[in-house]
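S.K.: Sharing target.cif here; it has mmCIF, C-alpha atoms.
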data_data
#
loop_
_atom_site.label_atom_id
_atom_site.label_comp_id
_atom_site.auth_asym_id
_atom_site.auth_seq_id
_atom_site.Cartn_x
_atom_site.Cartn_y
_atom_site.Cartn_z
CA MET Z 1 33.55 -39.24 -6.87
CA VAL Z 2 30.71 -39.04 -4.30
CA LYS Z 3 33.30 -38.46 -1.54
CA LYS Z 4 34.83 -35.61 -3.57
CA ILE Z 5 31.41 -33.97 -4.07
CA MET Z 6 30.64 -34.30 -0.35
CA ALA Z 7 34.01 -32.80 0.54
CA TRP Z 8 33.33 -29.87 -1.76
CA ALA Z 9 29.82 -29.41 -0.28
CA ILE Z 10 31.23 -29.39 3.26
CA THR Z 11 33.95 -26.94 2.27
CA ILE Z 12 31.46 -24.58 0.58
CA THR Z 13 29.12 -24.80 3.61
CA MET Z 14 32.00 -24.01 5.98
CA ILE Z 15 33.08 -21.04 3.82
CA PHE Z 16 29.48 -19.76 3.76
CA ALA Z 17 29.15 -20.20 7.54
CA LEU Z 18 32.43 -18.32 8.12
CA TYR Z 19 31.31 -15.59 5.69
CA VAL Z 20 27.96 -15.22 7.47
CA THR Z 21 29.73 -15.02 10.83
CA ALA Z 22 32.37 -12.59 9.61
CA THR Z 23 29.96 -10.24 7.87
CA ARG Z 24 27.03 -10.55 10.34
CA CYS Z 25 24.98 -11.19 7.17
CA THR Z 26 21.24 -10.41 7.13
CA VAL Z 27 18.65 -10.87 4.40
CA THR Z 28 16.48 -8.07 2.99
CA PHE Z 29 13.08 -8.71 1.40
CA VAL Z 30 11.51 -5.28 1.95
CA PRO Z 31 12.81 -1.75 2.68
CA LYS Z 32 13.77 -0.73 6.20
CA TYR Z 33 11.22 1.23 8.26
CA SER Z 34 11.57 5.00 7.95
CA GLN Z 35 9.81 7.29 10.44
CA THR Z 36 10.45 10.24 8.09
CA ILE Z 37 8.56 8.54 5.24
CA VAL Z 38 5.74 7.45 7.57
CA ASP Z 39 5.42 11.07 8.76
CA ASN Z 40 5.39 12.37 5.17
CA VAL Z 41 2.81 9.80 4.06
CA THR Z 42 0.59 10.60 7.06
CA ALA Z 43 0.86 14.38 6.53
CA THR Z 44 0.18 14.19 2.77
CA ALA Z 45 -2.73 11.79 3.27
CA LYS Z 46 -4.20 14.28 5.76
CA LYS Z 47 -3.78 17.16 3.28
CA THR Z 48 -5.47 15.06 0.55
CA ASP Z 49 -8.41 14.21 2.81
CA SER Z 50 -8.72 17.85 3.88
CA LEU Z 51 -8.74 19.05 0.24
CA PHE Z 52 -11.62 16.82 -0.85
CA ALA Z 53 -13.55 17.25 2.42
CA THR Z 54 -13.29 21.03 1.98
CA ILE Z 55 -14.48 20.87 -1.63
CA GLN Z 56 -17.31 18.53 -0.61
CA LEU Z 57 -18.64 20.96 2.01
CA SER Z 58 -17.84 24.26 0.33
CA SER Z 59 -20.24 26.26 -1.81
CA ASN Z 60 -17.22 27.17 -3.96
CA LYS Z 61 -16.19 24.09 -5.92
CA ASN Z 62 -14.31 25.88 -8.70
CA PHE Z 63 -10.99 24.23 -9.61
CA SER Z 64 -9.08 27.52 -9.61
CA THR Z 65 -9.74 27.94 -5.87
CA TYR Z 66 -7.96 24.66 -5.14
CA ALA Z 67 -5.32 24.58 -7.90
CA ALA Z 68 -2.47 25.57 -5.57
CA THR Z 69 -3.44 22.91 -3.02
CA TYR Z 70 -3.63 20.26 -5.76
CA ALA Z 71 -0.12 21.27 -6.94
CA SER Z 72 1.27 21.20 -3.40
CA ILE Z 73 -0.10 17.70 -2.71
CA GLU Z 74 1.10 16.39 -6.09
CA SER Z 75 4.57 17.71 -5.26
CA SER Z 76 4.51 16.04 -1.82
CA ILE Z 77 3.57 12.67 -3.35
CA GLY Z 78 6.43 13.08 -5.85
CA SER Z 79 8.78 13.71 -2.94
CA ILE Z 80 7.62 10.52 -1.20
CA LEU Z 81 8.29 8.61 -4.44
CA LEU Z 82 11.88 9.89 -4.44
CA GLN Z 83 12.33 8.91 -0.77
CA ASP Z 84 11.02 5.42 -1.62
CA ALA Z 85 13.35 5.03 -4.58
CA VAL Z 86 16.60 5.41 -2.61
CA ARG Z 87 15.75 2.57 -0.21
CA ASN Z 88 16.80 -1.04 -0.62
CA LYS Z 89 14.14 -3.35 -2.23
CA PRO Z 90 11.70 -0.51 -2.97
CA ALA Z 91 9.67 -2.01 -5.87
CA LEU Z 92 6.46 -2.96 -4.02
CA ILE Z 93 6.18 0.29 -2.10
CA ILE Z 94 7.06 2.37 -5.15
CA SER Z 95 4.17 0.69 -7.02
CA GLN Z 96 1.81 1.70 -4.19
CA THR Z 97 3.06 5.32 -4.09
CA GLN Z 98 2.79 5.50 -7.89
CA ALA Z 99 -0.84 4.31 -7.58
CA VAL Z 100 -1.50 7.17 -5.12
CA LEU Z 101 0.04 9.68 -7.54
CA ASP Z 102 -1.79 8.30 -10.60
CA ALA Z 103 -5.18 8.46 -8.86
CA PHE Z 104 -4.56 11.95 -7.48
CA VAL Z 105 -3.45 13.36 -10.86
CA LYS Z 106 -6.48 11.71 -12.50
CA TYR Z 107 -8.90 13.38 -10.04
CA GLU Z 108 -7.07 16.69 -10.36
CA ASN Z 109 -7.40 16.55 -14.15
CA GLU Z 110 -11.08 15.58 -13.94
CA HIS Z 111 -11.75 18.58 -11.68
CA LYS Z 112 -9.68 20.86 -13.93
CA THR Z 113 -11.60 19.73 -17.03
CA LYS Z 114 -15.03 20.04 -15.43
CA VAL Z 115 -14.10 23.25 -13.52
CA LEU Z 116 -16.95 22.54 -11.08
CA ILE Z 117 -17.56 19.19 -9.38
CA THR Z 118 -20.43 18.07 -7.15
CA ALA Z 119 -20.27 17.20 -3.44
CA GLY Z 120 -20.83 13.55 -4.36
CA GLU Z 121 -17.88 13.58 -6.75
CA ALA Z 122 -15.63 15.18 -4.13
CA GLU Z 123 -16.76 12.56 -1.59
CA SER Z 124 -15.93 9.78 -4.03
CA TYR Z 125 -12.45 11.21 -4.68
CA LYS Z 126 -11.90 11.57 -0.91
CA LEU Z 127 -12.84 7.94 -0.18
CA SER Z 128 -10.79 6.51 -3.06
CA MET Z 129 -7.71 8.52 -2.11
CA ALA Z 130 -8.09 7.38 1.51
CA ALA Z 131 -8.00 3.76 0.29
CA TYR Z 132 -4.79 4.25 -1.71
CA TRP Z 133 -3.14 6.08 1.20
CA LYS Z 134 -4.23 3.47 3.73
CA ALA Z 135 -2.72 0.60 1.71
CA LEU Z 136 0.59 2.48 1.46
CA LEU Z 137 0.61 3.42 5.15
CA ILE Z 138 -0.07 -0.17 6.20
CA SER Z 139 2.96 -1.28 4.17
CA GLU Z 140 5.18 1.45 5.63
CA THR Z 141 4.18 0.80 9.23
CA HIS Z 142 4.74 -2.99 8.97
CA LEU Z 143 8.37 -2.70 7.80
CA ASN Z 144 11.06 -3.92 10.19
CA LYS Z 145 12.86 -1.32 12.32
CA MET W 1 -28.87 1.92 -12.57
CA GLU W 2 -28.33 0.41 -9.13
CA ILE W 3 -25.18 -0.86 -7.41
CA ASN W 4 -25.74 -4.03 -5.41
CA VAL W 5 -23.15 -3.28 -2.74
CA GLN W 6 -23.69 -6.35 -0.56
CA ASP W 7 -23.28 -8.80 -3.46
CA ILE W 8 -20.00 -7.17 -4.51
CA ILE W 9 -18.67 -7.16 -0.93
CA ASP W 10 -19.60 -10.81 -0.37
CA GLU W 11 -17.80 -11.84 -3.57
CA VAL W 12 -14.67 -9.80 -2.76
CA ARG W 13 -14.55 -11.24 0.79
CA SER W 14 -14.94 -14.79 -0.50
CA LEU W 15 -12.18 -14.31 -3.13
CA LEU W 16 -9.77 -12.88 -0.55
CA GLN W 17 -10.43 -15.64 1.97
CA THR W 18 -9.82 -18.29 -0.70
CA ALA W 19 -6.71 -16.66 -2.19
CA TYR W 20 -5.12 -16.00 1.22
CA ALA W 21 -6.37 -19.10 3.03
CA ASP W 22 -2.89 -20.07 4.25
CA LYS W 23 -2.00 -16.51 5.31
CA TRP W 24 -5.46 -15.49 6.57
CA ALA W 25 -4.35 -15.30 10.22
CA THR W 26 -1.64 -12.77 9.24
CA VAL W 27 -3.73 -10.59 6.96
CA LYS W 28 -7.25 -11.03 8.40
CA SER W 29 -7.52 -7.79 10.38
CA ILE W 30 -6.01 -5.73 7.54
CA ALA W 31 -8.23 -7.44 4.95
CA GLU W 32 -11.37 -6.79 6.98
CA GLY W 33 -10.43 -3.10 7.24
CA TYR W 34 -10.06 -2.97 3.46
CA ILE W 35 -13.41 -4.71 2.92
CA ASP W 36 -15.16 -2.28 5.30
CA ALA W 37 -13.64 0.69 3.43
CA THR W 38 -14.71 -0.79 0.08
CA GLU W 39 -18.26 -1.12 1.43
CA THR W 40 -18.22 2.54 2.58
CA ARG W 41 -16.99 3.71 -0.86
CA LEU W 42 -19.58 1.68 -2.76
CA LYS W 43 -22.44 2.75 -0.47
CA ALA W 44 -21.47 6.42 -0.94
CA LEU W 45 -21.34 5.86 -4.70
CA ALA W 46 -24.75 4.13 -4.70
CA ASN W 47 -26.29 6.86 -2.52
CA ASN W 48 -24.86 9.74 -4.58
CA LEU W 49 -26.05 8.01 -7.75
CA SER W 50 -29.57 7.53 -6.35
CA ILE W 51 -29.90 11.22 -5.41
CA GLY W 52 -28.47 12.35 -8.75
CA ASP W 53 -25.32 13.96 -7.30
CA ILE W 54 -23.15 11.86 -9.60
CA THR W 55 -23.84 10.56 -13.12
CA PRO W 56 -23.88 6.86 -14.10
CA GLU W 57 -20.74 7.59 -16.18
CA PHE W 58 -18.92 8.96 -13.11
CA ALA W 59 -20.02 5.95 -11.03
CA ALA W 60 -18.85 3.57 -13.77
CA GLU W 61 -15.47 5.32 -13.92
CA ARG W 62 -15.01 4.90 -10.15
CA LEU W 63 -16.05 1.24 -10.31
CA LYS W 64 -13.40 0.71 -13.01
CA GLU W 65 -10.82 1.94 -10.49
CA GLU W 66 -11.71 -0.57 -7.78
CA PRO W 67 -9.30 -3.25 -9.16
CA ALA W 68 -6.44 -0.70 -8.95
CA ILE W 69 -7.32 0.00 -5.31
CA LEU W 70 -7.51 -3.74 -4.59
CA LYS W 71 -4.11 -4.23 -6.30
CA SER W 72 -2.53 -1.66 -3.98
CA GLU W 73 -4.20 -3.30 -0.97
CA LEU W 74 -2.94 -6.75 -2.00
CA THR W 75 0.54 -5.28 -2.44
CA SER W 76 0.43 -4.33 1.24
CA PHE W 77 -0.21 -8.03 2.06
CA ALA W 78 2.99 -8.88 0.15
CA VAL W 79 4.91 -6.23 2.09
CA VAL W 80 3.48 -7.35 5.47
CA THR W 81 4.24 -11.03 4.84
CA GLY W 82 7.65 -10.12 3.32
CA ALA W 83 8.58 -8.12 6.43
CA ALA W 84 7.50 -11.04 8.65
CA ALA W 85 9.57 -13.50 6.58
CA GLU W 86 12.56 -11.15 6.69
CA ALA W 87 12.37 -10.88 10.50
CA LEU W 88 12.06 -14.66 10.83
CA THR W 89 14.96 -15.40 8.46
CA ASN W 90 17.23 -12.89 10.18
CA GLY W 91 16.26 -14.37 13.56
CA VAL W 92 17.29 -17.84 12.36
CA LEU W 93 20.51 -16.45 10.84
CA SER W 94 21.33 -14.82 14.16
CA ILE W 95 20.87 -18.13 16.02
CA PHE W 96 23.34 -19.86 13.66
CA GLN W 97 25.77 -16.93 13.74
CA ASN W 98 25.83 -17.07 17.55
CA THR W 99 26.28 -20.87 17.53
CA ILE W 100 29.15 -20.63 15.02
CA LYS W 101 30.73 -17.89 17.13
CA GLU W 102 30.49 -20.04 20.26
CA ILE W 103 32.25 -23.01 18.64
CA THR W 104 34.90 -21.02 16.74
CA GLU W 105 35.72 -18.48 19.48
CA PRO W 106 36.05 -20.47 22.69
#
Give the structure from this file in structure tokens form.

M.R.:
Amino acid sequence: MVKKIMAWAITITMIFALYVTATRCTVTFVPKYSQTIVDNVTATAKKTDSLFATIQLSSNKNFSTYAATYASIESSIGSILLQDAVRNKPALIISQTQAVLDAFVKYENEHKTKVLITAGEAESYKLSMAAYWKALLISETHLNK
Amino acid sequence: MEINVQDIIDEVRSLLQTAYADKWATVKSIAEGYIDATETRLKALANNLSIGDITPEFAAERLKEEPAILKSELTSFAVVTGAAAEALTNGVLSIFQNTIKEITEP
């Protein structure tokens, strides 16, 4: 009985070894690196930082002045989410991109509701968004090429 | 209301070092960047609160978000260590594939 089990184990191991050799098998734990996504993340992070830095320094802090920029950035983050979703093993990075989108929409809605925000509020939004973007960018840039 | 930034930072640093003790060499530089950024955010919040440019309610709302930021940062540790494990595993697979090739294709 033991000899039969060992024979089966050896046979299965040999089949697996031949399969690995024949298919040049590799394992995947995380998505593959994408320069396009890294470029999109970097560009949208820069636009986000610029939006809140502009509001912080401007004498005009009315939401209507920035509504189009908010919409453009929200759309860009949505596009990054779609690019994430079509990759293999995307769950972790999708959760990070979703966190970026959730925070951005929250700040946009807060500004929309208040109409006017203070320089300190804009600074706080800018620093928080930078943190979400940085975590995502670190993930993207550490993926294997 | 006052935010004791240094106490919060010390506690976060200690928790991270304990939780990632076995992976600290891999994530140390990234973790320290995150801790520095957290300190900058909290100091800005404390300063803006002290000069009255934000309300205590706004500051509290931002503090409530810090765990979500930390969660995203910790997710990047999982991605970084996952990518390293993937590269290592595929390197080992390649060694065995080459060895099998050598003995089956003389």

S.K.: Set the cut-off to 8 Å and count all atoms listed in the file: what are the residues of chain W that reach chain Z? Output as an mmCIF file with C-alpha atoms, in the coordinates of the input.

M.R.:
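As written to disk, out21.cif reads:
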data_model
loop_
_atom_site.group_PDB
_atom_site.id
_atom_site.type_symbol
_atom_site.label_atom_id
_atom_site.label_comp_id
_atom_site.auth_asym_id
_atom_site.auth_seq_id
_atom_site.Cartn_x
_atom_site.Cartn_y
_atom_site.Cartn_z
ATOM 1 C CA TYR W 34 -10.060 -2.970 3.460
ATOM 2 C CA ALA W 37 -13.640 0.690 3.430
ATOM 3 C CA ARG W 41 -16.990 3.710 -0.860
ATOM 4 C CA ALA W 44 -21.470 6.420 -0.940
ATOM 5 C CA LEU W 45 -21.340 5.860 -4.700
ATOM 6 C CA ASN W 48 -24.860 9.740 -4.580
ATOM 7 C CA ASP W 53 -25.320 13.960 -7.300
ATOM 8 C CA ILE W 54 -23.150 11.860 -9.600
ATOM 9 C CA PHE W 58 -18.920 8.960 -13.110
ATOM 10 C CA ARG W 62 -15.010 4.900 -10.150
ATOM 11 C CA ALA W 68 -6.440 -0.700 -8.950
ATOM 12 C CA ILE W 69 -7.320 0.000 -5.310
ATOM 13 C CA SER W 72 -2.530 -1.660 -3.980
ATOM 14 C CA GLU W 73 -4.200 -3.300 -0.970
ATOM 15 C CA THR W 75 0.540 -5.280 -2.440
ATOM 16 C CA SER W 76 0.430 -4.330 1.240
ATOM 17 C CA PHE W 77 -0.210 -8.030 2.060
ATOM 18 C CA VAL W 79 4.910 -6.230 2.090
ATOM 19 C CA VAL W 80 3.480 -7.350 5.470
ATOM 20 C CA GLY W 82 7.650 -10.120 3.320
ATOM 21 C CA ALA W 83 8.580 -8.120 6.430
ATOM 22 C CA ALA W 85 9.570 -13.500 6.580
ATOM 23 C CA GLU W 86 12.560 -11.150 6.690
ATOM 24 C CA ALA W 87 12.370 -10.880 10.500
ATOM 25 C CA THR W 89 14.960 -15.400 8.460
ATOM 26 C CA ASN W 90 17.230 -12.890 10.180
ATOM 27 C CA LEU W 93 20.510 -16.450 10.840
ATOM 28 C CA GLN W 97 25.770 -16.930 13.740
ATOM 29 C CA ILE W 100 29.150 -20.630 15.020
ATOM 30 C CA LYS W 101 30.730 -17.890 17.130
#

S.K.: Measuring between all atoms listed in the file, which one of W:Ile3, W:Gly52, W:Phe96, W:Leu70 shows the shortest distance to Ala31 in chain W?

M.R.: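 Counting all atoms listed in the file, the residue closest to Ala31 in chain W is W:Leu70.
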
S.K.: Skip range 7-22 of chain W itself and residues of its chain fewer than 6 positions away, then list as a ChimeraX atom specification all residues within 9 Å of it, counting only C-alpha atoms.

M.R.: /W:28,31-32,35-36,38-39

S.K.: What would the file look like if the residues just selected were written as a PDB file, in the coordinates of the input with C-alpha atoms?

M.R.:
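Just written: part29.pdb:
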ATOM      1  CA  LYS W  28      -7.250 -11.030   8.400  1.00  0.00           C
ATOM      2  CA  ALA W  31      -8.230  -7.440   4.950  1.00  0.00           C
ATOM      3  CA  GLU W  32     -11.370  -6.790   6.980  1.00  0.00           C
ATOM      4  CA  ILE W  35     -13.410  -4.710   2.920  1.00  0.00           C
ATOM      5  CA  ASP W  36     -15.160  -2.280   5.300  1.00  0.00           C
ATOM      6  CA  THR W  38     -14.710  -0.790   0.080  1.00  0.00           C
ATOM      7  CA  GLU W  39     -18.260  -1.120   1.430  1.00  0.00           C
TER       8      GLU W  39
END

S.K.: Any idea what the distance is between CA of Thr113 in chain Z and CA of Phe63 in chain Z?

M.R.: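 One can read the CA of Thr113 in chain Z to CA of Phe63 in chain Z distance as 8.7 Å.
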
S.K.: Skipping near chain neighbours, those fewer than 2 positions away, what residues fall within 9 Å of Ile80 in chain Z using all atoms listed in the file, listed as a list in words?

M.R.: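 Surrounding residues, per the criterion: Ile37, Asn40, Val41, Ser75, Ser76, Ile77, Gly78, Leu82, Gln83, Asp84, Ala85 and Thr97 of chain Z.
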